[in-house]
file data.pdb (PDB, C-alpha atoms)
ATOM      1  CA  MET A   1     -32.666  -3.747  33.281
ATOM      2  CA  SER A   2     -31.426  -5.103  29.952
ATOM      3  CA  THR A   3     -28.336  -3.861  28.204
ATOM      4  CA  SER A   4     -28.197  -2.841  24.546
ATOM      5  CA  PRO A   5     -27.025  -5.355  21.935
ATOM      6  CA  VAL A   6     -23.922  -3.210  21.332
ATOM      7  CA  ALA A   7     -23.102  -3.140  25.052
ATOM      8  CA  THR A   8     -23.470  -6.919  25.190
ATOM      9  CA  VAL A   9     -21.060  -7.358  22.266
ATOM     10  CA  LEU A  10     -18.535  -4.948  23.814
ATOM     11  CA  GLU A  11     -18.734  -6.820  27.132
ATOM     12  CA  GLY A  12     -18.069 -10.069  25.276
ATOM     13  CA  ILE A  13     -15.053  -8.558  23.507
ATOM     14  CA  ASP A  14     -13.670  -7.271  26.809
ATOM     15  CA  ALA A  15     -14.205 -10.676  28.445
ATOM     16  CA  ALA A  16     -12.391 -12.447  25.589
ATOM     17  CA  ILE A  17      -9.444 -10.039  25.857
ATOM     18  CA  ALA A  18      -9.378 -10.451  29.644
ATOM     19  CA  VAL A  19      -8.865 -14.228  29.332
ATOM     20  CA  GLY A  20      -6.141 -13.794  26.725
ATOM     21  CA  LEU A  21      -8.001 -14.639  23.520
ATOM     22  CA  PRO A  22      -6.765 -12.766  20.440
ATOM     23  CA  VAL A  23      -9.560 -10.498  19.233
ATOM     24  CA  LYS A  24      -9.868  -8.718  15.917
ATOM     25  CA  VAL A  25     -12.782  -6.397  15.134
ATOM     26  CA  ASN A  26     -13.678  -5.521  11.542
ATOM     27  CA  MET A  27     -15.489  -2.309  10.620
ATOM     28  CA  VAL A  28     -16.745  -1.858   7.073
ATOM     29  CA  VAL A  29     -16.744   1.882   6.426
ATOM     30  CA  ARG A  30     -19.445   3.339   4.200
ATOM     31  CA  ARG A  31     -19.691   7.021   3.298
ATOM     32  CA  GLY A  32     -22.796   8.637   4.695
ATOM     33  CA  VAL A  33     -23.497   5.683   6.979
ATOM     34  CA  ASN A  34     -20.726   5.283   9.544
ATOM     35  CA  GLU A  35     -17.633   7.263   8.550
ATOM     36  CA  ASP A  36     -18.243   9.512  11.575
ATOM     37  CA  SER A  37     -17.598   6.429  13.736
ATOM     38  CA  ILE A  38     -14.026   5.842  12.481
ATOM     39  CA  VAL A  39     -12.229   7.890  15.143
ATOM     40  CA  PRO A  40     -14.584   6.871  17.997
ATOM     41  CA  MET A  41     -13.995   3.197  17.086
ATOM     42  CA  ALA A  42     -10.237   3.776  17.053
ATOM     43  CA  ARG A  43     -10.459   5.484  20.458
ATOM     44  CA  ARG A  44     -12.651   2.690  21.866
ATOM     45  CA  PHE A  45     -10.151  -0.044  21.005
ATOM     46  CA  HIS A  46      -6.941   1.976  21.496
ATOM     47  CA  GLY A  47      -4.958   0.306  24.276
ATOM     48  CA  SER A  48      -7.427  -2.587  24.558
ATOM     49  CA  GLY A  49      -5.267  -5.312  23.045
ATOM     50  CA  CYS A  50      -7.848  -5.740  20.294
ATOM     51  CA  ILE A  51      -6.811  -5.288  16.664
ATOM     52  CA  LEU A  52      -9.246  -3.090  14.755
ATOM     53  CA  ARG A  53      -9.494  -3.483  10.991
ATOM     54  CA  PHE A  54     -11.192  -0.876   8.808
ATOM     55  CA  ILE A  55     -12.489  -2.293   5.529
ATOM     56  CA  GLU A  56     -13.380  -0.236   2.493
ATOM     57  CA  TYR A  57     -16.994  -0.806   1.489
ATOM     58  CA  MET A  58     -16.805  -3.437  -1.268
ATOM     59  CA  ASP A  59     -19.088  -4.731  -3.973
ATOM     60  CA  VAL A  60     -19.195  -8.298  -2.709
ATOM     61  CA  GLY A  61     -22.250 -10.000  -4.132
ATOM     62  CA  SER A  62     -25.064  -8.018  -5.726
ATOM     63  CA  SER A  63     -27.535  -7.488  -2.908
ATOM     64  CA  ASN A  64     -25.809  -4.522  -1.219
ATOM     65  CA  HIS A  65     -26.390  -2.176  -4.202
ATOM     66  CA  TRP A  66     -22.782  -0.966  -3.975
ATOM     67  CA  ARG A  67     -21.730   2.378  -5.444
ATOM     68  CA  VAL A  68     -18.136   3.577  -5.673
ATOM     69  CA  ASP A  69     -19.064   7.011  -4.287
ATOM     70  CA  GLU A  70     -19.928   5.309  -0.987
ATOM     71  CA  VAL A  71     -16.340   4.093  -0.520
ATOM     72  CA  VAL A  72     -14.261   5.913   2.091
ATOM     73  CA  PRO A  73     -10.679   5.413   0.854
ATOM     74  CA  ALA A  74      -8.217   3.751   3.213
ATOM     75  CA  ALA A  75      -5.888   6.753   2.924
ATOM     76  CA  LYS A  76      -8.630   9.006   4.328
ATOM     77  CA  ILE A  77      -9.344   6.565   7.163
ATOM     78  CA  ILE A  78      -5.668   6.579   8.159
ATOM     79  CA  ARG A  79      -5.473  10.395   7.931
ATOM     80  CA  MET A  80      -8.520  10.773  10.196
ATOM     81  CA  ILE A  81      -7.113   8.479  12.874
ATOM     82  CA  ASP A  82      -3.563   9.823  12.576
ATOM     83  CA  ALA A  83      -4.839  13.377  13.137
ATOM     84  CA  ASP A  84      -6.291  12.210  16.462
ATOM     85  CA  MET A  85      -3.758   9.564  17.536
ATOM     86  CA  SER A  86      -0.414   9.431  15.749
ATOM     87  CA  LEU A  87       0.206   6.325  13.626
ATOM     88  CA  GLU A  88       3.166   4.717  11.896
ATOM     89  CA  ALA A  89       3.152   2.029   9.218
ATOM     90  CA  VAL A  90       4.158  -1.504  10.218
ATOM     91  CA  PRO A  91       5.428  -4.180   7.797
ATOM     92  CA  PRO A  92       3.139  -7.118   6.985
ATOM     93  CA  ASN A  93       3.221 -10.175   9.241
ATOM     94  CA  TYR A  94       3.396 -12.501   6.219
ATOM     95  CA  ALA A  95       3.422 -12.443   2.417
ATOM     96  CA  GLY A  96      -0.061 -11.875   1.053
ATOM     97  CA  GLU A  97      -1.465 -10.194   4.175
ATOM     98  CA  VAL A  98      -4.446  -8.185   2.961
ATOM     99  CA  ALA A  99      -4.506  -5.566   5.723
ATOM    100  CA  ARG A 100      -2.038  -2.715   5.703
ATOM    101  CA  ARG A 101      -0.928  -2.416   9.307
ATOM    102  CA  TYR A 102      -0.339   0.669  11.448
ATOM    103  CA  ARG A 103       0.530   1.040  15.110
ATOM    104  CA  TYR A 104      -0.076   3.878  17.496
ATOM    105  CA  ARG A 105       3.141   5.740  18.237
ATOM    106  CA  ASP A 106       2.174   5.865  21.908
ATOM    107  CA  GLY A 107       2.149   2.058  22.147
ATOM    108  CA  GLY A 108      -1.648   1.794  22.207
ATOM    109  CA  GLY A 109      -1.810  -1.148  19.811
ATOM    110  CA  GLU A 110      -2.416  -1.539  16.125
ATOM    111  CA  ILE A 111      -5.036  -1.062  13.454
ATOM    112  CA  GLY A 112      -5.239  -2.164   9.862
ATOM    113  CA  VAL A 113      -6.998  -1.153   6.691
ATOM    114  CA  ILE A 114      -8.182  -3.443   3.925
ATOM    115  CA  ALA A 115      -8.342  -1.410   0.732
ATOM    116  CA  SER A 116      -9.410  -3.705  -2.081
ATOM    117  CA  VAL A 117     -11.138  -0.836  -3.879
ATOM    118  CA  THR A 118      -8.486   1.909  -3.798
ATOM    119  CA  GLN A 119      -5.367  -0.263  -3.378
ATOM    120  CA  PRO A 120      -6.130  -3.686  -4.975
ATOM    121  CA  PHE A 121      -3.913  -6.576  -3.924
ATOM    122  CA  CYS A 122      -5.030  -9.285  -6.385
ATOM    123  CA  SER A 123      -1.516 -10.154  -7.521
ATOM    124  CA  GLY A 124      -0.387 -10.905  -3.955
ATOM    125  CA  CYS A 125      -3.561 -12.606  -2.727
ATOM    126  CA  THR A 126      -3.063 -15.963  -1.003
ATOM    127  CA  ARG A 127      -6.647 -16.616   0.104
ATOM    128  CA  ALA A 128      -9.165 -19.202  -0.942
ATOM    129  CA  ARG A 129     -12.630 -19.661   0.533
ATOM    130  CA  LEU A 130     -14.609 -22.832   1.137
ATOM    131  CA  THR A 131     -18.412 -22.815   1.224
ATOM    132  CA  ALA A 132     -20.531 -25.098   3.404
ATOM    133  CA  ASP A 133     -21.406 -27.207   0.354
ATOM    134  CA  GLY A 134     -17.781 -27.827  -0.611
ATOM    135  CA  GLN A 135     -17.146 -25.187  -3.276
ATOM    136  CA  VAL A 136     -13.680 -23.583  -3.289
ATOM    137  CA  TYR A 137     -13.565 -19.961  -4.436
ATOM    138  CA  THR A 138     -10.233 -18.425  -5.349
ATOM    139  CA  CYS A 139     -11.519 -14.854  -4.994
ATOM    140  CA  LEU A 140     -13.963 -13.049  -2.730
ATOM    141  CA  PHE A 141     -15.508 -11.592  -5.900
ATOM    142  CA  ALA A 142     -15.682 -14.876  -7.821
ATOM    143  CA  THR A 143     -18.609 -15.774 -10.019
ATOM    144  CA  THR A 144     -18.050 -19.545  -9.746
ATOM    145  CA  GLY A 145     -16.345 -22.017  -7.458
ATOM    146  CA  HIS A 146     -14.623 -25.371  -7.856
ATOM    147  CA  ASP A 147     -16.222 -28.557  -6.542
ATOM    148  CA  LEU A 148     -13.988 -29.789  -3.721
ATOM    149  CA  ARG A 149     -16.639 -31.999  -2.124
ATOM    150  CA  THR A 150     -16.864 -34.359  -5.110
ATOM    151  CA  LEU A 151     -13.076 -34.426  -5.358
ATOM    152  CA  LEU A 152     -12.722 -35.365  -1.674
ATOM    153  CA  ARG A 153     -15.407 -38.057  -1.929
ATOM    154  CA  SER A 154     -13.889 -39.571  -5.082
ATOM    155  CA  GLY A 155     -11.507 -41.788  -3.139
ATOM    156  CA  LEU A 156      -8.415 -40.252  -4.707
ATOM    157  CA  PRO A 157      -5.246 -40.376  -2.611
ATOM    158  CA  ASP A 158      -4.373 -37.246  -0.615
ATOM    159  CA  GLU A 159      -1.554 -36.304  -2.996
ATOM    160  CA  ALA A 160      -3.931 -36.353  -5.974
ATOM    161  CA  VAL A 161      -6.373 -34.080  -4.110
ATOM    162  CA  ALA A 162      -3.496 -31.785  -3.154
ATOM    163  CA  GLN A 163      -2.360 -31.670  -6.785
ATOM    164  CA  ALA A 164      -5.901 -30.836  -7.935
ATOM    165  CA  LEU A 165      -6.026 -27.960  -5.436
ATOM    166  CA  ARG A 166      -2.607 -26.737  -6.589
ATOM    167  CA  SER A 167      -3.854 -26.786 -10.175
ATOM    168  CA  ILE A 168      -6.948 -24.786  -9.243
ATOM    169  CA  TRP A 169      -4.832 -22.200  -7.444
ATOM    170  CA  GLN A 170      -2.109 -21.990 -10.090
ATOM    171  CA  GLY A 171      -4.696 -21.666 -12.849
ATOM    172  CA  ARG A 172      -6.603 -18.847 -11.228
ATOM    173  CA  ASP A 173      -6.786 -15.531 -13.029
ATOM    174  CA  ASP A 174      -8.816 -13.584 -10.471
ATOM    175  CA  ARG A 175      -8.149  -9.872 -10.767
ATOM    176  CA  TYR A 176     -11.572  -8.494  -9.961
ATOM    177  CA  SER A 177     -10.408  -5.615  -7.748
ATOM    178  CA  GLU A 178      -7.837  -4.524 -10.317
ATOM    179  CA  LEU A 179     -10.452  -4.665 -13.095
ATOM    180  CA  ARG A 180     -13.409  -3.308 -11.102
ATOM    181  CA  ALA A 181     -13.938  -0.331 -13.410
ATOM    182  CA  THR A 182     -14.203  -2.510 -16.540
ATOM    183  CA  GLU A 183     -16.889  -4.968 -17.593
ATOM    184  CA  HIS A 184     -16.138  -7.118 -14.532
ATOM    185  CA  GLY A 185     -18.122  -4.710 -12.386
ATOM    186  CA  SER A 186     -21.362  -5.967 -13.903
ATOM    187  CA  LEU A 187     -20.676  -9.697 -13.556
ATOM    188  CA  PRO A 188     -22.818 -11.606 -11.064
ATOM    189  CA  LYS A 189     -20.890 -12.393  -7.900
ATOM    190  CA  VAL A 190     -21.398 -14.849  -5.081
ATOM    191  CA  GLU A 191     -23.031 -13.291  -2.004
ATOM    192  CA  MET A 192     -20.962 -12.767   1.154
ATOM    193  CA  SER A 193     -23.445 -14.860   3.146
ATOM    194  CA  ARG A 194     -22.439 -17.851   1.016
ATOM    195  CA  ILE A 195     -18.705 -17.363   0.687
ATOM    196  CA  GLY A 196     -17.692 -15.765   3.976
ATOM    197  CA  GLY A 197     -15.165 -12.969   4.469
TER
END
call {"tool": "encode", "arguments": {"input": "data.pdb", "output": "structure tokens"}}
result
Amino acid sequence: MSTSPVATVLEGIDAAIAVGLPVKVNMVVRRGVNEDSIVPMARRFHGSGCILRFIEYMDVGSSNHWRVDEVVPAAKIIRMIDADMSLEAVPPNYAGEVARRYRYRDGGGEIGVIASVTQPFCSGCTRARLTADGQVYTCLFATTGHDLRTLLRSGLPDEAVAQALRSIWQGRDDRYSELRATEHGSLPKVEMSRIGG
């Protein structure tokens, strides 16, 4: 008798936790699709040692046909879980951490919420992304990347490459999440399958 794909994934998560691997599970929450699974997911991973992250449905790329009315705000997600299992806020682990952290008051672990739609964090972002073909993107919502592959293959010394990367980062003006409601919302964006999460 075969098991369901979900059961297989859950068994794999449990096996990873059992051998001491750190496990983090991300759940993108979309109104009308899976918001009724928020509390069951929290219950499933409560006390498991696994960190569960709830992510507001975002307009990454153009193929998901995103609409703002399908976003379940992070504040609502926290209220739903807190009503079932009491939570308290926890400070970030490091500057620029994108998830707002909460722990269960009963010691059952922690969850986080990533709220780039309702609580943008552009000004504190410390993340860059590298595609398989060597493009560096300074924002998940970027329209273009920077060619790192050619730079690395140019034969420049490491310090020159490092300086070029510093210049790219220091020159960035990415504020997509803060400006989502303006004309930036209609700009073409790189697809998640290309840039990663």
call {"tool": "atom_distance", "arguments": {"input": "data.pdb", "atom1": "CA of Arg31 (chain A)", "atom2": "CA of Asp69 (chain A)"}}
result
7.6 Å
call {"tool": "closest_residue", "arguments": {"input": "data.pdb", "among": "A:Ala142, A:Val117, A:Leu152, A:Ile168", "to": "Arg67 (chain A)", "atoms": "only C-alpha atoms"}}
result
A:Val117
call {"tool": "closest_residue", "arguments": {"input": "data.pdb", "among": "A:Gly112, A:Gly49, A:Pro40, A:Pro120", "to": "Asn26 (chain A)", "atoms": "only C-alpha atoms"}}
result
A:Gly112
call {"tool": "atom_distance", "arguments": {"input": "data.pdb", "atom1": "CA of Lys76 (chain A)", "atom2": "CA of Thr118 (chain A)"}}
result
10.8 Å
call {"tool": "closest_residue", "arguments": {"input": "data.pdb", "among": "A:Ser177, A:Ser37, A:Ser4, A:Ser154", "to": "Ile81 (chain A)", "atoms": "all atoms listed in the file"}}
result
A:Ser37
call {"tool": "closest_residue", "arguments": {"input": "data.pdb", "among": "A:Cys50, A:Met58, A:Ala89, A:Met41", "to": "Val71 (chain A)", "atoms": "all atoms listed in the file"}}
result
A:Met58
call {"tool": "closest_residue", "arguments": {"input": "data.pdb", "among": "A:Val6, A:Leu165, A:Cys122, A:Val60", "to": "Gln135 (chain A)", "atoms": "all atoms listed in the file"}}
result
A:Leu165
call {"tool": "resolve_selection", "arguments": {"input": "data.pdb", "expression": "the PyMOL selection byres ((chain A and resi 98) around 12)", "output": "mmCIF file with C-alpha atoms, in the frame of the given file"}}
result
data_model
loop_
_atom_site.group_PDB
_atom_site.id
_atom_site.type_symbol
_atom_site.label_atom_id
_atom_site.label_comp_id
_atom_site.auth_asym_id
_atom_site.auth_seq_id
_atom_site.Cartn_x
_atom_site.Cartn_y
_atom_site.Cartn_z
ATOM 1 C CA ARG A 53 -9.494 -3.483 10.991
ATOM 2 C CA PHE A 54 -11.192 -0.876 8.808
ATOM 3 C CA ILE A 55 -12.489 -2.293 5.529
ATOM 4 C CA GLU A 56 -13.380 -0.236 2.493
ATOM 5 C CA PRO A 91 5.428 -4.180 7.797
ATOM 6 C CA PRO A 92 3.139 -7.118 6.985
ATOM 7 C CA ASN A 93 3.221 -10.175 9.241
ATOM 8 C CA TYR A 94 3.396 -12.501 6.219
ATOM 9 C CA ALA A 95 3.422 -12.443 2.417
ATOM 10 C CA GLY A 96 -0.061 -11.875 1.053
ATOM 11 C CA GLU A 97 -1.465 -10.194 4.175
ATOM 12 C CA ALA A 99 -4.506 -5.566 5.723
ATOM 13 C CA ARG A 100 -2.038 -2.715 5.703
ATOM 14 C CA ARG A 101 -0.928 -2.416 9.307
ATOM 15 C CA GLY A 112 -5.239 -2.164 9.862
ATOM 16 C CA VAL A 113 -6.998 -1.153 6.691
ATOM 17 C CA ILE A 114 -8.182 -3.443 3.925
ATOM 18 C CA ALA A 115 -8.342 -1.410 0.732
ATOM 19 C CA SER A 116 -9.410 -3.705 -2.081
ATOM 20 C CA GLN A 119 -5.367 -0.263 -3.378
ATOM 21 C CA PRO A 120 -6.130 -3.686 -4.975
ATOM 22 C CA PHE A 121 -3.913 -6.576 -3.924
ATOM 23 C CA CYS A 122 -5.030 -9.285 -6.385
ATOM 24 C CA SER A 123 -1.516 -10.154 -7.521
ATOM 25 C CA GLY A 124 -0.387 -10.905 -3.955
ATOM 26 C CA CYS A 125 -3.561 -12.606 -2.727
ATOM 27 C CA THR A 126 -3.063 -15.963 -1.003
ATOM 28 C CA ARG A 127 -6.647 -16.616 0.104
ATOM 29 C CA GLY A 197 -15.165 -12.969 4.469
#
call {"tool": "atom_distance", "arguments": {"input": "data.pdb", "atom1": "CA of Asp173 (chain A)", "atom2": "CA of Thr138 (chain A)"}}
result
8.9 Å
call {"tool": "axis_aligned_box", "arguments": {"input": "data.pdb", "around": "region 136-141 of chain A", "padding_each_side": "8 Å", "output": "JSON"}}
result
{"center_x": -12.9, "center_y": -17.6, "center_z": -4.3, "size_x": 21.3, "size_y": 28.0, "size_z": 19.2}
call {"tool": "closest_residue", "arguments": {"input": "data.pdb", "among": "A:His65, A:Lys24, A:His146, A:Arg44", "to": "Ser167 (chain A)", "atoms": "all atoms listed in the file"}}
result
A:His146
call {"tool": "resolve_selection", "arguments": {"input": "data.pdb", "expression": "the PyMOL selection byres ((chain A and resi 83-87) around 7)", "output": "count of residues only"}}
result
10
call {"tool": "residues_near_point", "arguments": {"input": "data.pdb", "point": "(-8.2, -0.7, 21.4)", "cutoff": "10 Å", "atoms": "only C-alpha atoms", "output": "list in words"}}
result
Lys24, Val25, Met41, Ala42, Arg43, Arg44, Phe45, His46, Gly47, Ser48, Gly49, Cys50, Ile51, Leu52, Gly108, Gly109, Glu110 and Ile111 of chain A
